[in-house]
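> My structure is stored as structure_12.txt, with compact mmCIF, C-alpha atoms and all ligand atoms.
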```
# COMPACT_ATOMS: atom_id res chain seq x y z
CA MET D 262 86.29 112.73 114.90
CA ILE D 263 88.63 110.89 112.57
CA ILE D 264 90.12 107.42 113.01
CA LEU D 265 93.48 107.07 111.29
CA LYS D 266 95.24 103.75 110.79
CA LEU D 267 98.97 103.68 110.19
CA GLY D 268 99.77 100.36 108.56
CA GLY D 269 102.57 98.20 109.87
CA SER D 270 103.85 98.23 106.29
CA ILE D 271 104.47 101.97 106.51
CA ILE D 272 105.84 102.61 110.00
CA THR D 273 108.02 99.47 110.08
CA LYS D 274 110.08 97.63 107.50
CA LYS D 275 107.64 94.79 107.24
CA GLU D 276 109.89 92.39 105.36
CA ALA D 277 112.80 92.81 107.81
CA LYS D 278 114.04 89.72 109.66
CA GLU D 279 113.88 91.55 112.97
CA PRO D 280 111.74 94.42 114.31
CA THR D 281 112.75 97.51 112.30
CA ILE D 282 111.19 100.97 112.34
CA ASP D 283 110.86 103.08 109.21
CA TYR D 284 111.82 106.34 110.93
CA GLU D 285 111.65 108.37 107.73
CA ASN D 286 107.98 107.51 107.20
CA LEU D 287 107.08 107.66 110.89
CA ASN D 288 108.57 111.10 111.56
CA ARG D 289 107.23 112.58 108.32
CA ILE D 290 103.71 111.25 109.04
CA ALA D 291 103.92 112.58 112.61
CA ARG D 292 104.69 116.04 111.17
CA GLU D 293 101.79 115.74 108.71
CA ILE D 294 99.37 114.85 111.50
CA ALA D 295 100.65 117.67 113.71
CA SER D 296 100.22 120.25 110.94
CA SER D 297 96.73 119.15 109.86
CA SER D 298 93.54 120.79 111.00
CA ILE D 299 91.91 117.92 112.90
CA ASP D 300 89.97 118.35 116.08
CA LYS D 301 89.46 114.83 117.50
CA LEU D 302 91.65 111.99 116.35
CA ILE D 303 92.27 108.35 117.26
CA ILE D 304 95.32 106.65 115.79
CA VAL D 305 95.49 102.87 115.35
CA HIS D 306 98.75 101.37 114.15
CA GLY D 307 99.70 97.96 112.85
CA ALA D 308 102.47 95.78 114.23
CA GLY D 309 104.47 95.14 111.06
CA SER D 310 107.83 93.49 111.75
CA PHE D 311 107.37 94.05 115.51
CA GLY D 312 104.51 91.60 115.73
CA HIS D 313 104.23 89.28 112.79
CA ILE D 314 107.61 87.62 113.19
CA TYR D 315 106.83 86.33 116.69
CA ALA D 316 103.10 85.75 116.22
CA LYS D 317 104.01 83.51 113.30
CA GLU D 318 106.93 81.77 114.99
CA TYR D 319 104.84 80.83 118.03
CA GLU D 320 101.68 80.20 115.99
CA ILE D 321 99.58 82.49 118.15
CA GLY D 322 95.90 81.95 117.49
CA ALA D 323 96.37 78.37 116.27
CA GLU D 324 94.64 75.59 118.18
CA ILE D 325 96.43 74.57 121.38
CA GLN D 326 97.69 70.98 121.17
CA ASP D 327 98.62 70.25 124.80
CA GLU D 328 99.99 71.86 128.00
CA GLU D 329 103.52 72.12 126.61
CA ASP D 330 102.24 73.81 123.45
CA PHE D 331 100.20 76.25 125.58
CA LYS D 332 103.31 77.08 127.60
CA GLN D 333 105.20 77.84 124.37
CA LYS D 334 102.36 79.96 123.03
CA LYS D 335 102.19 81.93 126.28
CA MET D 336 105.90 82.60 125.89
CA GLY D 337 105.21 83.81 122.32
CA PHE D 338 102.34 85.94 123.64
CA SER D 339 104.58 87.61 126.19
CA ILE D 340 107.35 88.27 123.66
CA THR D 341 104.95 89.63 121.02
CA GLN D 342 103.17 91.83 123.58
CA SER D 343 106.51 93.27 124.61
CA TRP D 344 107.64 94.06 121.04
CA VAL D 345 104.41 95.70 119.90
CA LYS D 346 104.45 97.76 123.09
CA LYS D 347 107.96 98.95 122.21
CA LEU D 348 106.73 99.92 118.74
CA ASN D 349 103.81 101.80 120.29
CA THR D 350 106.17 103.72 122.56
CA ILE D 351 108.31 104.74 119.58
CA VAL D 352 105.21 105.80 117.59
CA CYS D 353 103.81 107.81 120.54
CA ASP D 354 107.20 109.46 121.16
CA SER D 355 107.60 110.47 117.51
CA LEU D 356 104.08 111.90 117.43
CA ARG D 357 104.57 113.83 120.66
CA GLU D 358 107.99 115.18 119.68
CA ASN D 359 106.41 116.48 116.49
CA GLY D 360 103.51 118.14 118.31
CA VAL D 361 100.74 115.54 118.70
CA LEU D 362 99.63 114.99 122.31
CA THR D 363 99.37 111.21 122.46
CA VAL D 364 98.21 108.74 125.07
CA SER D 365 99.08 105.06 124.67
CA ILE D 366 96.28 102.47 124.85
CA GLN D 367 97.33 98.83 125.21
CA PRO D 368 94.72 96.37 123.82
CA SER D 369 96.00 93.36 125.82
CA SER D 370 95.19 95.20 129.03
CA PHE D 371 91.48 95.70 128.31
CA ILE D 372 90.25 93.72 125.29
CA ILE D 373 89.11 90.07 125.26
CA THR D 374 88.10 88.24 122.09
CA LYS D 375 85.77 85.30 121.48
CA ASN D 376 86.54 83.21 118.40
CA LYS D 377 89.09 85.89 117.49
CA ARG D 378 86.50 88.70 117.40
CA ILE D 379 86.36 91.51 119.98
CA HIS D 380 83.97 90.42 122.71
CA HIS D 381 84.80 92.68 125.63
CA CYS D 382 86.16 96.19 125.20
CA ASN D 383 85.23 99.22 127.28
CA LEU D 384 85.61 102.45 125.35
CA ASP D 385 84.97 104.79 128.32
CA LEU D 386 88.66 105.48 128.80
CA ILE D 387 89.24 106.26 125.11
CA ASN D 388 86.25 108.62 125.14
CA LYS D 389 87.55 110.28 128.29
CA TYR D 390 91.01 110.85 126.78
CA LEU D 391 89.41 112.22 123.60
CA ASP D 392 87.34 114.67 125.65
CA MET D 393 90.49 115.79 127.44
CA GLY D 394 92.10 116.59 124.09
CA PHE D 395 94.49 113.65 123.89
CA VAL D 396 95.08 111.61 120.75
CA PRO D 397 94.67 107.96 121.87
CA VAL D 398 97.09 105.64 120.08
CA ILE D 399 95.99 102.00 120.03
CA TYR D 400 97.58 99.15 118.11
CA GLY D 401 97.58 95.58 116.81
CA ASP D 402 98.38 93.33 119.79
CA VAL D 403 97.93 89.86 121.24
CA VAL D 404 94.91 89.35 123.51
CA PRO D 405 93.22 86.60 125.54
CA ASP D 406 90.42 84.69 123.80
CA LEU D 407 87.43 83.03 125.47
CA ASP D 408 87.60 80.11 123.07
CA GLU D 409 89.17 77.30 125.11
CA SER D 410 90.78 75.70 122.07
CA ILE D 411 92.92 78.78 121.29
CA LYS D 412 92.96 80.86 124.52
CA ILE D 413 95.05 83.65 122.97
CA CYS D 414 95.01 85.34 119.57
CA VAL D 415 96.34 88.17 117.43
CA LEU D 416 94.09 91.21 117.32
CA SER D 417 94.78 93.15 114.14
CA GLY D 418 94.75 96.92 113.89
CA ASP D 419 92.17 96.43 111.15
CA GLN D 420 89.73 94.67 113.50
CA ILE D 421 90.26 97.47 116.03
CA ILE D 422 89.41 99.99 113.28
CA LYS D 423 86.18 98.12 112.58
CA TYR D 424 85.23 98.00 116.27
CA LEU D 425 86.00 101.66 116.92
CA GLY D 426 84.27 102.72 113.70
CA GLU D 427 81.16 100.76 114.62
CA ASN D 428 80.98 102.05 118.17
CA LEU D 429 82.24 105.61 117.90
CA LYS D 430 80.75 106.48 114.49
CA PRO D 431 83.62 108.73 113.30
CA GLU D 432 83.23 111.25 110.54
CA ARG D 433 86.00 109.49 108.58
CA VAL D 434 88.15 106.36 108.72
CA ILE D 435 91.46 106.70 106.90
CA LEU D 436 93.95 103.86 106.42
CA GLY D 437 97.51 104.66 105.43
CA SER D 438 99.20 101.70 103.74
CA ASP D 439 102.16 101.21 101.39
CA VAL D 440 100.06 100.91 98.23
CA ASP D 441 97.97 103.56 96.44
CA GLY D 442 94.73 101.84 97.43
CA ILE D 443 92.94 98.60 96.66
CA TYR D 444 93.72 96.95 93.33
CA ASN D 445 91.82 94.11 91.68
CA LYS D 446 94.87 91.96 92.57
CA ASN D 447 98.09 92.36 94.54
CA PRO D 448 100.00 95.17 92.76
CA LYS D 449 103.29 93.89 94.17
CA LYS D 450 102.86 90.61 92.37
CA HIS D 451 100.91 91.58 89.26
CA GLU D 452 102.06 94.35 86.94
CA ASP D 453 98.63 94.57 85.32
CA ALA D 454 96.81 95.12 88.66
CA LYS D 455 94.27 97.93 88.39
CA LEU D 456 93.68 100.50 91.12
CA MET D 457 90.02 100.84 92.08
CA LYS D 458 88.63 104.22 93.16
CA ILE D 459 85.60 102.72 94.91
CA VAL D 460 85.13 99.24 96.34
CA THR D 461 81.82 97.91 97.66
CA SER D 462 82.45 94.19 97.98
CA CYS D 463 85.20 91.64 98.58
CA ASP D 464 84.20 90.20 95.22
CA ASP D 465 85.91 93.21 93.63
CA LEU D 466 89.22 91.51 94.48
CA ALA D 467 90.55 88.57 92.52
CA THR D 468 91.06 85.95 95.26
CA GLU D 469 94.43 84.86 93.95
CA GLY D 470 97.28 86.94 95.33
CA SER D 471 95.24 89.08 97.70
CA LEU D 472 95.86 87.02 100.79
CA ASN D 473 99.48 87.79 101.52
CA VAL D 474 101.75 86.23 104.14
CA ASP D 475 100.55 88.62 106.83
CA VAL D 476 99.18 86.78 109.89
CA THR D 477 96.31 89.26 110.01
CA GLY D 478 95.00 88.49 106.53
CA GLY D 479 96.60 91.00 104.15
CA MET D 480 94.46 93.21 101.97
CA LYS D 481 91.55 90.79 101.84
CA GLY D 482 91.37 90.63 105.65
CA LYS D 483 91.49 94.41 105.76
CA LEU D 484 88.80 94.79 103.13
CA MET D 485 86.47 92.36 104.90
CA GLU D 486 86.59 94.56 108.02
CA LEU D 487 86.03 97.71 105.97
CA ILE D 488 83.10 96.27 104.01
CA GLU D 489 81.39 95.36 107.29
CA LEU D 490 82.02 98.88 108.48
CA ALA D 491 80.60 100.35 105.26
CA GLU D 492 77.49 98.23 105.67
CA ILE D 493 76.72 99.88 108.99
CA GLY D 494 77.20 103.29 107.42
CA VAL D 495 80.86 104.15 108.11
CA GLU D 496 82.82 104.86 104.95
CA SER D 497 86.59 104.44 104.83
CA GLU D 498 89.48 105.26 102.53
CA ILE D 499 92.77 103.43 101.98
CA LEU D 500 95.62 105.55 100.66
CA ASN D 501 99.38 105.45 100.30
CA ALA D 502 100.90 106.94 103.44
CA GLY D 503 104.33 106.46 101.85
CA ARG D 504 103.58 109.37 99.54
CA ASN D 505 104.43 112.75 100.94
CA GLY D 506 101.46 114.83 102.07
CA LEU D 507 98.60 112.39 101.50
CA ILE D 508 97.85 111.77 105.18
CA LYS D 509 97.71 115.52 105.76
CA LYS D 510 95.40 116.04 102.78
CA ALA D 511 93.05 113.30 104.00
CA LEU D 512 93.02 114.67 107.54
CA ASN D 513 92.19 118.05 106.02
CA HIS D 514 89.01 116.48 104.59
CA GLU D 515 90.16 115.79 101.01
CA LYS D 516 88.46 112.66 99.67
CA GLY D 517 89.16 110.22 96.84
CA ILE D 518 92.95 110.23 97.20
CA GLY D 519 93.07 106.44 97.33
CA THR D 520 90.30 103.84 97.33
CA ILE D 521 87.00 104.54 99.07
CA VAL D 522 85.19 101.57 100.62
CA LYS D 523 81.47 102.24 100.78
CA LYS D 524 78.04 100.63 100.82
CA GLU D 525 76.91 99.14 97.53
CA LYS D 526 73.66 101.04 97.08
CA GLU D 527 75.33 104.38 97.68
CA VAL D 528 77.39 104.07 94.46
P1 LIG Z 1 99.28 97.43 106.39
O1 LIG Z 1 100.48 96.85 107.07
O2 LIG Z 1 99.55 98.72 105.70
O3 LIG Z 1 98.07 97.46 107.22
P2 LIG Z 1 99.11 94.99 104.82
O4 LIG Z 1 100.56 94.66 104.63
O5 LIG Z 1 98.31 94.15 105.76
O6 LIG Z 1 98.92 96.52 105.18
O7 LIG Z 1 98.39 95.03 103.43
C1 LIG Z 1 98.92 95.84 102.43
C2 LIG Z 1 99.57 94.93 101.41
O8 LIG Z 1 98.55 94.13 100.83
C3 LIG Z 1 100.20 95.66 100.25
O9 LIG Z 1 101.55 95.95 100.52
C4 LIG Z 1 100.06 94.66 99.10
O10 LIG Z 1 101.25 93.99 98.85
C5 LIG Z 1 99.07 93.63 99.61
N1 LIG Z 1 97.95 93.39 98.73
C6 LIG Z 1 97.48 92.16 98.46
N2 LIG Z 1 96.43 92.24 97.63
C7 LIG Z 1 96.22 93.54 97.36
C8 LIG Z 1 95.28 94.25 96.57
N3 LIG Z 1 94.34 93.61 95.90
N4 LIG Z 1 95.35 95.61 96.54
C9 LIG Z 1 96.29 96.28 97.25
N5 LIG Z 1 97.22 95.64 98.00
C10 LIG Z 1 97.20 94.30 98.07
```
So, in terms of structure tokens, how does the structure I just supplied come out?

Amino acid sequence: MIILKLGGSIITKKEAKEPTIDYENLNRIAREIASSSIDKLIIVHGAGSFGHIYAKEYEIGAEIQDEEDFKQKKMGFSITQSWVKKLNTIVCDSLRENGVLTVSIQPSSFIITKNKRIHHCNLDLINKYLDMGFVPVIYGDVVPDLDESIKICVLSGDQIIKYLGENLKPERVILGSDVDGIYNKNPKKHEDAKLMKIVTSCDDLATEGSLNVDVTGGMKGKLMELIELAEIGVESEILNAGRNGLIKKALNHEKGIGTIVKKEKEV
């Protein structure tokens, strides 16, 4: 079984002022997935411009000040949940129209966090769909949180990847982003950034410039999830899904296309 993440930066125009799909990337990737030789697959996608705009505007996940603030945040929750659901529908439709039999899985209907980490999540349904031959498609969403001071939070696709990886022990975890892999610093801001083939620690990143504006923590947030996953024995690879054919190659078991995140002592 393979878990594939499609970054919000690749299936949406992340810098857009309103929710905008990148249809060219989405439809091409859907064709690549459909023509690859995978048996069992789970797809997790990010929210990109469908989620971050509203999550940021309504400060979802920030401490609740008073009743009025909670009311506002619940409004933001409802709006964000609605937009990411629309994105998920578009992603599932594109995949199905190109030959991938998808089933949509909505995190806010079955996941609860505690201090912003997944606390309650029953994977029986996902396992059942996998057994039936479906490709479950789950995504970055807003969810309730048991912490009384925040009550709701943003659940990133990257945290979902970590949770699924830990609990389902896939053969591979592949993350398609809009960069060739992990660099020692943000390649979009630093011309001299160097691409790393293997990463084993967050210390491999220069702190400066690696936390981008993304509400879910940018590359550093992503890497922290992947390092934790590597430590429990699940290796992952980040590659550029914007480049034609790379998702297909990775699904067809080619390794080392981007950056591999693995346990230190295995290097
Ligand atoms: P996605 O939406 O694909 O999940 P993010 O937007 O959260 O991905 O993270 C990818 C972005 O992280 C890249 O577009 C890049 O600008 C930024 N970034 C910051 N630091 C780094 C780094 N050290 N290496 C690679 N990308 C980085």
> Would you list the contacts of range 389-397 of chain D as a ChimeraX atom specification, taking every protein, DNA or RNA residue within 12 Å and counting only C-alpha atoms, but skipping same-chain residues closer than 4 positions in sequence?
/D:262-266,294-295,299-306,349,352-353,356-357,360-368,383-385,425,429
> Enumerate residues in contact with ligand LIG 1 (chain Z): an atom-to-atom distance of at most 6 Å, counting all atoms listed in the file. Format the result as a PyMOL selection string.
chain D and resi 268-271+307+309+438-440+442-449+466+470-473+479-480
> Can you pull out every residue within 8 Å of Ser355 in chain D, counting all atoms listed in the file, but drop anything in the same chain fewer than 5 positions away, and send it as an mmCIF file with C-alpha atoms, keeping the file's coordinate frame?

```cif
data_model
loop_
_atom_site.group_PDB
_atom_site.id
_atom_site.type_symbol
_atom_site.label_atom_id
_atom_site.label_comp_id
_atom_site.auth_asym_id
_atom_site.auth_seq_id
_atom_site.Cartn_x
_atom_site.Cartn_y
_atom_site.Cartn_z
ATOM 1 C CA LEU D 287 107.080 107.660 110.890
ATOM 2 C CA ASN D 288 108.570 111.100 111.560
ATOM 3 C CA ALA D 291 103.920 112.580 112.610
#
```
> Rank nothing, just name the residue among D:Ser462, D:Asn359, D:Asn505, D:Thr350 nearest to Val522 in chain D, using all atoms listed in the file.
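Looking only at the distances to Val522 in chain D, the closest residue turns out to be D:Ser462.
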> Of the candidates D:Leu484, D:Val404, D:Leu416, D:Ile508, which shows the shortest atom-to-atom distance to Asn286 in chain D, using only C-alpha atoms?
D:Ile508
> Identify, on the basis of only C-alpha atoms, every residue whose closest approach to Lys317 in chain D does not exceed 12 Å; exclude the query and any residue fewer than 2 positions from it along the same chain; express the result as a VMD selection string.
chain D and resid 309 to 315 319 to 323 334 337 to 338 340 to 341 403 414 to 415 474 to 477
> Tell me which protein, DNA and RNA residues are within 10 Å of Tyr424 in chain D, counting only C-alpha atoms, leaving out same-chain ones fewer than 5 positions away, and put them as a list in words.
Arg378, Ile379, Cys382, Gly418, Asp419, Leu429, Lys430, Glu486 and Leu490 of chain D
> Nearest to Thr520 in chain D: which of D:Met336, D:Ile422, D:Ile325, D:Val434 is it, counting only C-alpha atoms?
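Ranked by minimum distance to Thr520 in chain D, first place goes to D:Val434.
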> Kindly indicate which residue among D:Pro431, D:Gly401, D:Gly437, D:Gly519 lies nearest to Ser369 in chain D, using all atoms listed in the file for the distances.
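Of D:Pro431, D:Gly401, D:Gly437, D:Gly519, the one nearest Ser369 in chain D is D:Gly401, counting all atoms listed in the file.
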> Quick one: pull the distance between CA of Ile282 in chain D and CA of Ile351 in chain D, Å, one decimal.
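According to the coordinates, CA of Ile282 in chain D and CA of Ile351 in chain D are separated by 8.7 Å.
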> Counting only C-alpha atoms, which residue out of D:Ile399, D:Glu358, D:Lys347, D:Ile413 sits closest to Asn376 in chain D?
D:Ile413
